[in-house]
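Visitor: Have a look at this one before I ask anything.
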Amino acid sequence: MDPECSRLLPALCAVLADPRQPMTDDTCLEKLLDWFKTVTETESSLLLLQENPCLVELLSQALKFQDVSSRILSFSLRLAGIFAAQENCFQFLQQGELLLGLFGEAGPLGLPAWNVPSVRSGWIQGLCSLAKHPSAEQFLVDCGAVDTIFSLQEDSSLFVASAASQLLVQVLSLSIQGRATPQLGSSDGDWPSCAQSIVGYLEESLRSGATPQITQALKVLTTTFGRCHHSWTEALWMRLSPLVTCLLEKDTVPTAHSLADLFLSMARSPTFGSSDCDLWVTLAQTLSCLSPTQAGPLALGILKLHVCPQALKTQAFDVLLQPLACVLEAAAQVPGSSGLPDGTGSNPTMADALLASTSSCAALLCQSLAHLGELQALPHSPRPWPQVLLLEATMMTLRFCSGSAVPISSVGGRLCGILASCIRVQRAALDFLGMLSQGTGPQESVTQVFAILLEYLRSPESSPTVLKKAFQATLRWLLSMSKACGSNNPDPHTQPFLRELFPVMQKRLCNPCWEVRDSALEFLTHLTTHWGGQPDFREALLASDVPELTQQLLQDPEAYVRASAVTAMGQLASQGLHATPSGPEHPGAKQKSLPQELLHILSLDSEGFPRRAVMQVFTQWLQDGHPAMAEDLEQFMARVFQVVSRDLDWEVRVQGLELARVFLAQTLGPPDCPYAVALPAATPPTSPAEVLRTLGRVQLLEFAFRALFDCDRPVAQKSCDLLLLLRARTAPGGGLQGAECNPEAVTVEAALRAWQAGEQGQPLGELVPEVVVAILRALDLEGLQATLAESSDHVEQSPRSLLQDMLAAVGALGGHEADCY
Amino acid sequence: MKLYCLSGHPTLPCNILKFKSTTIMLDCGLDMTSTLNFLPLPLVQSPRLSNLPSWSLKDGNAYLDKELKECSGHVFVDSVPEFCLPETELIDMSTVDVILISNYHCMMALPYITEHTGFTGTVYATEPTLQIGRLLMEELVNFIERVPKAQSASLWKNKDVQRLLPSPLKDAVEVSTWRRCYSMQEVNSALSKIQLVGYSQKIELFGAVQVTPLSSGYALGSSNWVIQSHYEKVSYVSGSSLLTTHPQVLYATDLLTLKTKVHLTQAMVFSIASYAYGSWTMNKEDQRRIDTFKLCWRRILNTPWTAKRMNKSVLEEVQPECSSEAKMARLRLPYFGHVVRRDQSLEKDIMLGRVRGQRKRGRPSSTWIDTVTATMNSGIRTIPMDQASLKNSDVLLLTGLTQIPTANPDGMVGEFCSNLALTVRNGGNVLVPCYPSGVIYDLLECLYQYIDSAGLSNVPFYFISPVANSSLEFSQIFAEWLCHNKQTKVYLPEPPFPHAELIQTNKLKHYPSIHGDFSNDFRQPCVVFTGHPSLRFGDVVHFLELWGKSSLNTVIFTEPDFSYLDALAPYQPLAMKCIYCPIDTRLNFIQVSKLLKEVQPLHVVCPEQYTQPPPTQSHRMDLMIDCQPPAMSYRRAEVLALPFKRRYEKIEIMPELADSLVPMEIKPGISLATVSAVLHTKDNKHVLQPPPRSTQPTSGKKRKRVSDDIPDCKVLKPLLSGSIPVEQFVQTLEKHGFSDIKVEDTAKGHIVLLQEAETLIQIEEDSTHIICDNDEMLRVRLRDLVLKFLQKF
């Protein structure tokens with residue numbers, strides 16, 4: 001422990017123990033506990049207590065329960081637990097009867113303070129930390145803690161109850177693992193007495209028939225099987241399994257979620273997964289007797305298992321497919337003709353569950369779609385994956401939602417009414433439809449997918465969130481189509497779709513709802529990024545008004561839309577799809593080139609998002625060597641750096657430095673890497689002085705130096721990295737010495753020092769290469785980098801600071817009291 | 001109770017309710033779809049229309065040549081358009097006592113009913129309904145009268161001829177009763193019979209029933225009506241909308257003590273709690289807290305939570321002067337003005353969120369200025385629908401639901417704006433056929449926010465109607481008919497509807513007609529709002545003729561009353577783009593089922609169209625009214641007997657008579673008194689008066705069923721009460737010589753069996769039966785024995 005901390009500790013302990021100075025902020029206490037925990041992980045607790053007797057003092061102070069506040073009591077209980085986790089320290093504390101006093105029956109149990117949940121919680125957590133070694137087990141039995149833990153299982157506070165069951169699991173595993181006898185039978189005699197009482201308690205709870213008690217017992221079992229993978233867990237299950245399976249035989253399973261959790265936790269445990277116990281039979285039975293909504297999560301869990309019989313997986317998959325199968329069945333012309341595989345057929349319970357109410361129907365469908373979506377992402381998704389069936393069912397769901405399905409059966413009619421314009425289901429189904437794009441489907445299905453996507457994109461009924469999902473799904477399908485048939489081969493489906501798509505896009509870009517405009521622009525950006533080179537796409541895009549509309553949206557009143565428009569325009573321009581501004585509606589307006597227009601946004605826009613977007617576009621352009629940037633690059637860059645250095649948004653400034661980095665890298669040329677393949681006919685390497693002169697002309701150096709002392713850490717860090725790179729390439733090793741020999745460098749350094757002190761004033765003026773090199777050498781960039789790398793609160797987070805803060809807070813409190821009188 | 005259905009149109013109803021000796025006409029809608037069978041009336045000579053070929057019968061008979069013209073396969077009557085009137089043969093109009101109008105669209109047939117039918121009653125409507133209704137009528141008369149047409153076709157109406165005509169004409173109903181438009185004189189006379197009412201005002205009709213208009217949330221001044229007597233309640237719901245959400249608490253309390261409490265609370269609690277209300281930034285959590293705080297009224301009223309009263313009912317009982325939302329808005333807006341007017345101040349920077357610095361990524365959290373914007377811009381227009389007052393109705397008459405239940409108005413407004421912008425950008429013109437009031441305010445409000453962002457600031461908007469000026473002005477005046485948000489604006493220098501600003505900045509111009517000033521200012525591309533939505537008369541005819549040939553132009557239909565395909569039929573072939581964006585804020589079926597669940601009427605009556613899915617979407621079982629018991633449906637010219645019987649009548653007892661009553665408690669909590677009196681009935685009021693002194697005082701009679709009997713002078717048997725102790729009864733029987741008595745216990749009481757006499761006495765808690773065959777003497781003896789045990793009264 002830090003000697004400074006040891007010095008502060010007695011005072012703090014005195015303050016904590018003093019009931020007249022209540023500690024108002026219990027987050028400090030939590031931090032203190034965390035600190036002790038880390039200290040005891042590396043140091044001996046016994047030593048710690050011996051060196052700091054004030055701590056023992058504090059703990060024994062807590063025994064005088066009457067005048068200790070519940071906060072301090074809870075804190076002391078937890079602290080004692082942390083110390084007693086080491087066996088020698090446990091013995092030490094036991095000698096003073098301290099632990100028995102704190103946790104035993106004479107402790108806080110009978111006191112009014114016990115009514116405070118935090119005290120009960122502290123008691124449990126203390127024991128939890130303590131129960132690590134065999135001597136602790138005997139202690140627990142001696143102080144009668146187990147019975148108290150049982151009673152805490154049904155505590156009114158959920159935190160306490162949950163912690164109590166964790167503790168129960170720990171005690172159980174401690175008591176069994178402490179024994180040498182690994183063989184445990186079903187008779188009581190084989191079990192250690194402590195474990196025996198716990199198991200007995202569990203048995204009683206499971207038999208009780210009361211839902212909360214059964215749930216608690218199941219939770220304890222779930223945790224046990226999840227944590228302990230020893231053979232005794234199997235024996236435990238042998239004893240309890242008849243009681244648990246009994247629960248499944250009731251008409252409505254009361255604790256379905258807990259049961260599902262329990263079985264899944266068992267299935268994941270190596271003890272059960274490998275052995276040939278009847279777990280799989282039980283799981284199959286559970287799947288068939290749970291209601292559709294309850295069975296869903298269990299089925300998903302089963303399908304995610306690594307080790308599992310194939311038959312069970314098939315059954316679980318059928319459970320997930322059933323709601324969709326039911327939708328297909330409802331839409332089928334002739335009952336039974338939906339082309340479902342065997343066993344997937346809808347059953348009456350499923351139809352009832354679907355038709356019960358709008359909310360239950362939506363919940364079931366959304367759950368099923370979400371689970372199937374999760375499955376598809378898994379590497380070992382069930383085989384065979386019914387791609388066609390899922391595609392059709394999803395499209396049918398979407399048709400039901402939009403009201404375009406014309407069902408014949410009565411179930412279909414009712415489903416249509418229930419699902420009509422249900423936004424939740426629409427979103428889930430569109431998400432899933434997008435995921436299905438990874439698989440392939442027959443030609444006609446794909447045509448139908450595009451038809452339904454178009455219907456959603458076109459419909460004025462689609463809410464903005466649904467529309468966004470529709471755009472995302474469309475993008476995924478378009479990309480997967482182009483991937484499937486190679487980039488140069490235009491796909492026969494997408495061609496007509498694109499012709500229809502752009503008029504819809506036009507309308508969406510004019511929508512009064514900004515979310516719609518925004519998602520349409522994002523979609524356009526993605527589409528252009530991936531497809532910008534395709535001739536069909538270019539043709540369809542240029543034939544529409546979309547580029548002009550996008551350019552117009554640069555003036556949108558909503559900042560998000562402006563930002564998206566900037567990104568979209570940047571992408572369009574880098575693909576050469578940018579329309580020349582010659583609209584008939586602005587005949588008088590001054591014609592500005594796109595870079596000029598973006599620069600205008602950068603300098604004048606009041607919101608940060610569009611400005612950030614502009615910087616990203618510029619960086620992208622510079623990287624790609626966009627022609628608009630190439631002409632008169634230096635002057636343009638100078639303007640950009642000038643504007644950016646004064647921006648108020650630190651993210652814009654960071655982006656500016658990123659642009660500077662790209663520019664610098666391009667100016668410097670490829671590094672002199674010995675393994676790099678030399679480019680034929682590369683431009684002759686420019687001399688460092690020439691580079692520095694260029695950088696000075698484009699104002700990059702001034703911007704970078706200014707950013708070095710930025711009040712926002714990321715900016716300074718970025719600038720530091722940039723200058724380090726520059727120094728490594730232009731002023732390696734020795735050469736010019738110190739700045740003091742150059743009078744100009746002295747003035748520049750003075751200016752820098754003024755900036756560092758917070759003055760913003762004077763510009764640097766013309767920077768001569770020699771001066772720059774001198775300054776680069778003179779600046780302690782490495783030191784600066786190290787300082788910046790430390791988080792700003794590294795001082796504030798030290799334990800010493802914590803202790804000081806706590807003392808100061810108490811002192812300040814006293815001061816206020818004095819003021820009052 | 002009977003309902004006479006005079007109109008079959010579901011949204012333009014006209015029904016007559018006979019209820020408790022009053023005859024009430026509910027709405028007076030005019031079905032204008034009949035005009036779709038006529039040729040348009042062009043304002044400017046149209047060569048295309050005048051050169052249309054005549055249509056002749058298949059047998060070559062040409063006597064209909066002058067009356068019928070053919071255009072793209074459809075046949076139209078070349079005559080002054082005529083309207084299909086409500087059924088007038090079903091009932092004598094002179095017997096109608098009152099007409100209740102629910103909104104301005106549903107009063108267009110009023111002149112036909114009030115003039116020349118012998119009607120002598122009163123018409124009730126709210127002020128905006130009257131004024132805007134007048135505008136609509138004025139526009140209609142003006143449209144038709146300014147294009148005089150000599151010809152009035154009548155030959156085709158002959159039943160034998162009509163049978164031979166092609167489809168829409170052949171199927172038209174009751175063409176013989178179709179009438180030409182009324183004159184302005186008739187309009188004025190009809191409107192002079194209207195008596196103005198305010199929301200929740202109670203109107204007594206002949207002492208028998210009370211009618212009350214309630215806000216329905218659909219349009220300015222639109223109302224639903226509650227018609228009730230003491231024990232019966234009929235609700236008439238017509239054209240309601242739930243798109244408004246802020247409840248308005250009405251002010252009409254009589255309880256002084258409570259009022260004092262309320263004043264005290266407002267002065268001492270709320271004034272502190274609402275300190276600097278104007279500067280608060282509201283998010284959902286704050287709103288929830290304020291809502292909770294407002295309910296400190298529960299404490300004041302001593303309402304325990306176990307009473308399970310809704311917050312709304314608590315607020316209704318307290319009726320604070322104004323809701324805290326309105327108060328907040330009232331404080332917020334002036335404060336905003338105060339802040340904005342300052343030149344440069346820290347306060348301004350802070351309140352407007354102009355402080356420099358960074359913030360987290362993601363959506364900005366809401367700021368004060370957002371709250372201000374929300375207050376100013378909320379699309380809510382009218383006072384919200386009053387649902388609570390419709391509760392416990394015996395009969396709910398439901399009309400005026402949305403015709404296109406699948407279209408949500410928000411999506412349609414979006415569609416409208418996008419299409420408008422696309423057309424104008426491409427250099428085309430946009431034509432919006434609309435009524436001069438109603439949806440146009442919504443469209444202008446939406447466009448006001450939209451045009452700048454869409455780059456349409458330079459595009460002129462024209463509103464052409466003979467009543468355009470009055471319509472735009474009226475909507476600014478009816479402050480008390482607007483929702484709170486808008487109401488607060490009426491008292492600020494700035495107008496509540498943004499179209500005033502559109503006019504000030506010259507973006508929106510209005511003209512009475514295409515003749516005159518308009519032709520000088522006219523500039524293309526432009527957006528024109530004009531009537532009539534049927535496209536048969538009005539300035540819209542001219543624009544369709546003018547722009548119809550170019551595919552750059554677009555016509556956007558926003559009024560749901562007319563089928564747009566039928567409306568466009570005489571203009572075919574048409575190159576112009578047509579967009580159908582019906583904007584209808586009336587209740588849809590989901591909202592109706594919620595409303596019915598909340599209001600829980602005993603019976604629902606609605607037009608037959610609402611009891612089955614629409615013919616084009618027959619599988620949509622959700623697009624119909626679904627309630628238990630099933631709704632009763634009506635169609636044109638049908639008379640419904642409502643399954644609803646009078647059960648109780650309220651009777652007053654004169655004070656002196658009441659004083660003379662001597663109640664006797666027969667059971668804890670139940671007292672009885674005998675009363676002898678004379679029942680006077682006049683003007684549907686029933687009064688019990690002391691009997692004239694001359695007659696012998698009678699011994700009294702049951703108070704129950706008092707209304708049914710005329711006081712009879714027979715000596716009445718005394719009332720008896722009490723229970724029979726079985727053991728004592730058996731002893732008495734034995735004393736009176738009955739032997740061989742057996743007592744059996746049953747679930748409800750006892751059976752005493754006299755085996756010798758073959759007689760049963762069945763004693764239960766609330767009845768005693770003596771069952772003996774053919775021995776009347778024995779029965780009477782037994783009866784007297786039984787009665788001895790009861791207490792006389």
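Every chain in the structure tokens takes a letter, A first, then B, and so on in the order presented; its residues are numbered from 1, and the ligands are numbered from 1 following the presented order.
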Please report as a ChimeraX atom specification which residues of chain A come no farther than 10 Å from chain B, using only C-alpha atoms.
Guide: /A:402-410,412-421,458-464,503,506-514,516,545,549,552-553,555-558,560,583-586,606,608-609,648-651,712
Visitor: Would you kindly return, as a list of chain:residue names, each protein, DNA or RNA residue with an atom no farther than 8 Å from any atom of Leu657 in chain A, considering only C-alpha atoms and excluding same-chain residues fewer than 6 positions away?
Guide: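 Listed by chain and then number, they are A:Ala704, A:Val715, A:Lys718, A:Ser719, A:Leu722.
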Visitor: Point out the residue among A:Thr397, A:Thr667, A:Ser208, A:Thr42 with the least atom-to-atom distance to Gln623 in chain A, counting only C-alpha atoms.
Guide: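 Looking at the shortest contact to Gln623 in chain A, the residue is A:Thr667.
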Visitor: State, in Å with one decimal place, the distance from CA of Leu168 in chain A to CA of Leu127 in chain A.
Guide: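 Between CA of Leu168 in chain A and CA of Leu127 in chain A the gap works out to 10.3 Å.
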Visitor: With only C-alpha atoms as the basis for distance, which of B:Thr22, B:Thr423, B:Asn142, B:Ser7 is at the shortest distance from Ala637 in chain B?
Guide: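 So, comparing all the options, the nearest one is B:Ser7.
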Visitor: Could you tell me, as a list in words, which residues of range 375-422 of chain A DSSP assigns to alpha helix (DSSP H) when given the backbone?
Guide: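 Filtering range 375-422 of chain A to alpha helix (DSSP H) leaves Leu375, Gln376, Ala377, Gln387, Val388, Leu389, Leu390, Leu391, Glu392, Ala393, Thr394, Met395, Met396, Thr397, Leu398, Arg399, Phe400, Cys401, Ser402, Ser410, Val411, Gly412, Gly413, Arg414, Leu415, Cys416, Gly417, Ile418 and Leu419 of chain A.
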Visitor: Selected residues, N, CA and C atoms, written as an mmCIF file, in the first residue's frame, please.
Guide:
```
data_model
loop_
_atom_site.group_PDB
_atom_site.id
_atom_site.type_symbol
_atom_site.label_atom_id
_atom_site.label_comp_id
_atom_site.auth_asym_id
_atom_site.auth_seq_id
_atom_site.Cartn_x
_atom_site.Cartn_y
_atom_site.Cartn_z
ATOM 1 N N LEU A 375 -30.192 -16.998 -35.746
ATOM 2 C CA LEU A 375 -29.703 -18.319 -36.174
ATOM 3 C C LEU A 375 -28.930 -18.234 -37.471
ATOM 4 N N GLN A 376 -29.437 -17.376 -38.369
ATOM 5 C CA GLN A 376 -28.813 -17.343 -39.684
ATOM 6 C C GLN A 376 -27.379 -16.870 -39.596
ATOM 7 N N ALA A 377 -27.138 -16.013 -38.577
ATOM 8 C CA ALA A 377 -25.790 -15.475 -38.436
ATOM 9 C C ALA A 377 -24.831 -16.517 -37.860
ATOM 10 N N GLN A 387 -34.637 -21.764 -46.939
ATOM 11 C CA GLN A 387 -34.563 -20.409 -47.485
ATOM 12 C C GLN A 387 -35.854 -19.994 -48.194
ATOM 13 N N VAL A 388 -36.352 -20.856 -49.065
ATOM 14 C CA VAL A 388 -37.521 -20.490 -49.877
ATOM 15 C C VAL A 388 -38.732 -20.280 -48.981
ATOM 16 N N LEU A 389 -38.909 -21.208 -48.075
ATOM 17 C CA LEU A 389 -40.047 -21.116 -47.163
ATOM 18 C C LEU A 389 -40.001 -19.822 -46.359
ATOM 19 N N LEU A 390 -38.811 -19.514 -45.840
ATOM 20 C CA LEU A 390 -38.674 -18.311 -45.013
ATOM 21 C C LEU A 390 -38.917 -17.063 -45.839
ATOM 22 N N LEU A 391 -38.380 -17.067 -47.047
ATOM 23 C CA LEU A 391 -38.592 -15.909 -47.927
ATOM 24 C C LEU A 391 -40.072 -15.693 -48.141
ATOM 25 N N GLU A 392 -40.768 -16.772 -48.469
ATOM 26 C CA GLU A 392 -42.189 -16.626 -48.767
ATOM 27 C C GLU A 392 -42.969 -16.191 -47.537
ATOM 28 N N ALA A 393 -42.637 -16.810 -46.406
ATOM 29 C CA ALA A 393 -43.370 -16.461 -45.185
ATOM 30 C C ALA A 393 -43.133 -15.008 -44.816
ATOM 31 N N THR A 394 -41.892 -14.549 -44.943
ATOM 32 C CA THR A 394 -41.602 -13.158 -44.593
ATOM 33 C C THR A 394 -42.339 -12.208 -45.526
ATOM 34 N N MET A 395 -42.320 -12.540 -46.799
ATOM 35 C CA MET A 395 -43.021 -11.660 -47.739
ATOM 36 C C MET A 395 -44.516 -11.666 -47.467
ATOM 37 N N MET A 396 -45.023 -12.839 -47.097
ATOM 38 C CA MET A 396 -46.459 -12.910 -46.817
ATOM 39 C C MET A 396 -46.800 -12.074 -45.594
ATOM 40 N N THR A 397 -45.930 -12.140 -44.574
ATOM 41 C CA THR A 397 -46.155 -11.312 -43.387
ATOM 42 C C THR A 397 -46.192 -9.838 -43.777
ATOM 43 N N LEU A 398 -45.251 -9.458 -44.629
ATOM 44 C CA LEU A 398 -45.201 -8.059 -45.048
ATOM 45 C C LEU A 398 -46.456 -7.678 -45.820
ATOM 46 N N ARG A 399 -46.944 -8.615 -46.624
ATOM 47 C CA ARG A 399 -48.169 -8.319 -47.375
ATOM 48 C C ARG A 399 -49.355 -8.189 -46.446
ATOM 49 N N PHE A 400 -49.396 -9.038 -45.421
ATOM 50 C CA PHE A 400 -50.486 -8.919 -44.449
ATOM 51 C C PHE A 400 -50.433 -7.550 -43.782
ATOM 52 N N CYS A 401 -49.231 -7.123 -43.463
ATOM 53 C CA CYS A 401 -49.089 -5.838 -42.762
ATOM 54 C C CYS A 401 -49.512 -4.672 -43.646
ATOM 55 N N SER A 402 -49.213 -4.772 -44.932
ATOM 56 C CA SER A 402 -49.541 -3.630 -45.790
ATOM 57 C C SER A 402 -50.960 -3.740 -46.313
ATOM 58 N N SER A 410 -60.451 -18.096 -43.422
ATOM 59 C CA SER A 410 -60.944 -17.168 -42.397
ATOM 60 C C SER A 410 -59.811 -16.763 -41.465
ATOM 61 N N VAL A 411 -58.876 -17.710 -41.219
ATOM 62 C CA VAL A 411 -57.724 -17.375 -40.382
ATOM 63 C C VAL A 411 -56.942 -16.242 -41.042
ATOM 64 N N GLY A 412 -56.775 -16.370 -42.354
ATOM 65 C CA GLY A 412 -56.054 -15.338 -43.092
ATOM 66 C C GLY A 412 -56.740 -13.991 -42.968
ATOM 67 N N GLY A 413 -58.054 -13.993 -43.072
ATOM 68 C CA GLY A 413 -58.809 -12.744 -42.974
ATOM 69 C C GLY A 413 -58.589 -12.076 -41.641
ATOM 70 N N ARG A 414 -58.635 -12.900 -40.583
ATOM 71 C CA ARG A 414 -58.455 -12.312 -39.253
ATOM 72 C C ARG A 414 -57.025 -11.840 -39.057
ATOM 73 N N LEU A 415 -56.089 -12.630 -39.573
ATOM 74 C CA LEU A 415 -54.677 -12.258 -39.451
ATOM 75 C C LEU A 415 -54.421 -10.928 -40.159
ATOM 76 N N CYS A 416 -55.074 -10.782 -41.287
ATOM 77 C CA CYS A 416 -54.939 -9.554 -42.065
ATOM 78 C C CYS A 416 -55.403 -8.360 -41.237
ATOM 79 N N GLY A 417 -56.534 -8.532 -40.563
ATOM 80 C CA GLY A 417 -57.045 -7.450 -39.733
ATOM 81 C C GLY A 417 -56.130 -7.151 -38.566
ATOM 82 N N ILE A 418 -55.560 -8.210 -37.981
ATOM 83 C CA ILE A 418 -54.713 -8.022 -36.801
ATOM 84 C C ILE A 418 -53.404 -7.340 -37.174
ATOM 85 N N LEU A 419 -52.836 -7.769 -38.305
ATOM 86 C CA LEU A 419 -51.496 -7.271 -38.652
ATOM 87 C C LEU A 419 -51.523 -5.951 -39.412
#
```
Visitor: Using only C-alpha atoms, find the one residue out of A:Pro19, A:Gly576, A:Gly81, A:Pro547 that sits nearest to Ser45 in chain A.
Guide: A:Gly81
Visitor: Mind checking which residues fall within 7 Å of range 202-210 of chain B, counting only C-alpha atoms, ignoring those fewer than 5 positions away in the same chain, and posting them as a PyMOL selection string?
Guide: chain B and resi 20+227-229+683-685
Visitor: For those residues, write C-alpha atoms to a file as an mmCIF file, in the first residue's frame.
Guide:
```cif
data_model
loop_
_atom_site.group_PDB
_atom_site.id
_atom_site.type_symbol
_atom_site.label_atom_id
_atom_site.label_comp_id
_atom_site.auth_asym_id
_atom_site.auth_seq_id
_atom_site.Cartn_x
_atom_site.Cartn_y
_atom_site.Cartn_z
ATOM 1 C CA LYS B 20 -90.090 11.078 -26.282
ATOM 2 C CA ILE B 227 -79.874 13.794 -26.580
ATOM 3 C CA GLN B 228 -81.076 12.742 -23.168
ATOM 4 C CA SER B 229 -84.028 12.577 -20.872
ATOM 5 C CA ASP B 683 -95.226 19.296 -20.801
ATOM 6 C CA ASN B 684 -93.562 15.984 -20.089
ATOM 7 C CA LYS B 685 -93.253 16.862 -16.423
#
```
Visitor: Work out how far CA of Ala353 in chain A is from CA of Leu328 in chain A, in Å to one decimal.
Guide: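 Taking CA of Leu328 in chain A as the start and CA of Ala353 in chain A as the end point, the length is 15.3 Å.
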Visitor: So that I can see what lies close to Leu430 in chain A, please list as a ChimeraX atom specification the residues with an atom at most 7 Å from it, counting only C-alpha atoms and leaving out residues fewer than 6 positions away in the same chain.
Guide: /A:469-470,473
Visitor: Go ahead and dump the residues you just picked, C-alpha atoms, as a PDB file, in the first residue's frame.
Guide:
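Ended up saving to part33.pdb:
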```pdb
ATOM      1  CA  LYS A 469     -35.614  -0.676 -42.629  1.00  0.00           C
ATOM      2  CA  ALA A 470     -36.958  -1.051 -46.155  1.00  0.00           C
ATOM      3  CA  ALA A 473     -33.168  -4.431 -46.774  1.00  0.00           C
TER       4      ALA A 473
END
```
Visitor: I need the residue nearest Ser56 in chain B from this list: B:Ser551, B:Ile91, B:Asp584, B:Leu164. Use only C-alpha atoms for the distance.
Guide: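 When distances to Ser56 in chain B are compared using only C-alpha atoms, the smallest one comes from B:Leu164.
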Visitor: Ranking A:Leu47, A:Leu701, A:Leu262, A:Ala543 by minimum distance to Lys219 in chain A and counting only C-alpha atoms, which one comes first?
Guide: A:Leu262
Visitor: Could you list, as a ChimeraX atom specification, every residue within 8 Å of range 556-569 of chain B, counting only C-alpha atoms and ignoring same-chain residues fewer than 2 positions away?
Guide: /B:33,36,71-72,74,403-404,416,430-435,439,533-536,554,571-572,578-584
Visitor: Please provide as a PyMOL selection string all residues within 12 Å of Phe263 in chain A, with the sequence filter that same-chain residues fewer than 2 positions apart are discarded (counting only C-alpha atoms).
Guide: chain A and resi 218-219+221-226+237+241+244-245+256-261+265-269+272-273+278-287+297-299+301-302+305
Visitor: Would you please work out which residue, of B:Cys627, B:Phe537, B:Leu443, B:Pro614, is nearest to Leu396 in chain B when using only C-alpha atoms?
Guide: B:Cys627
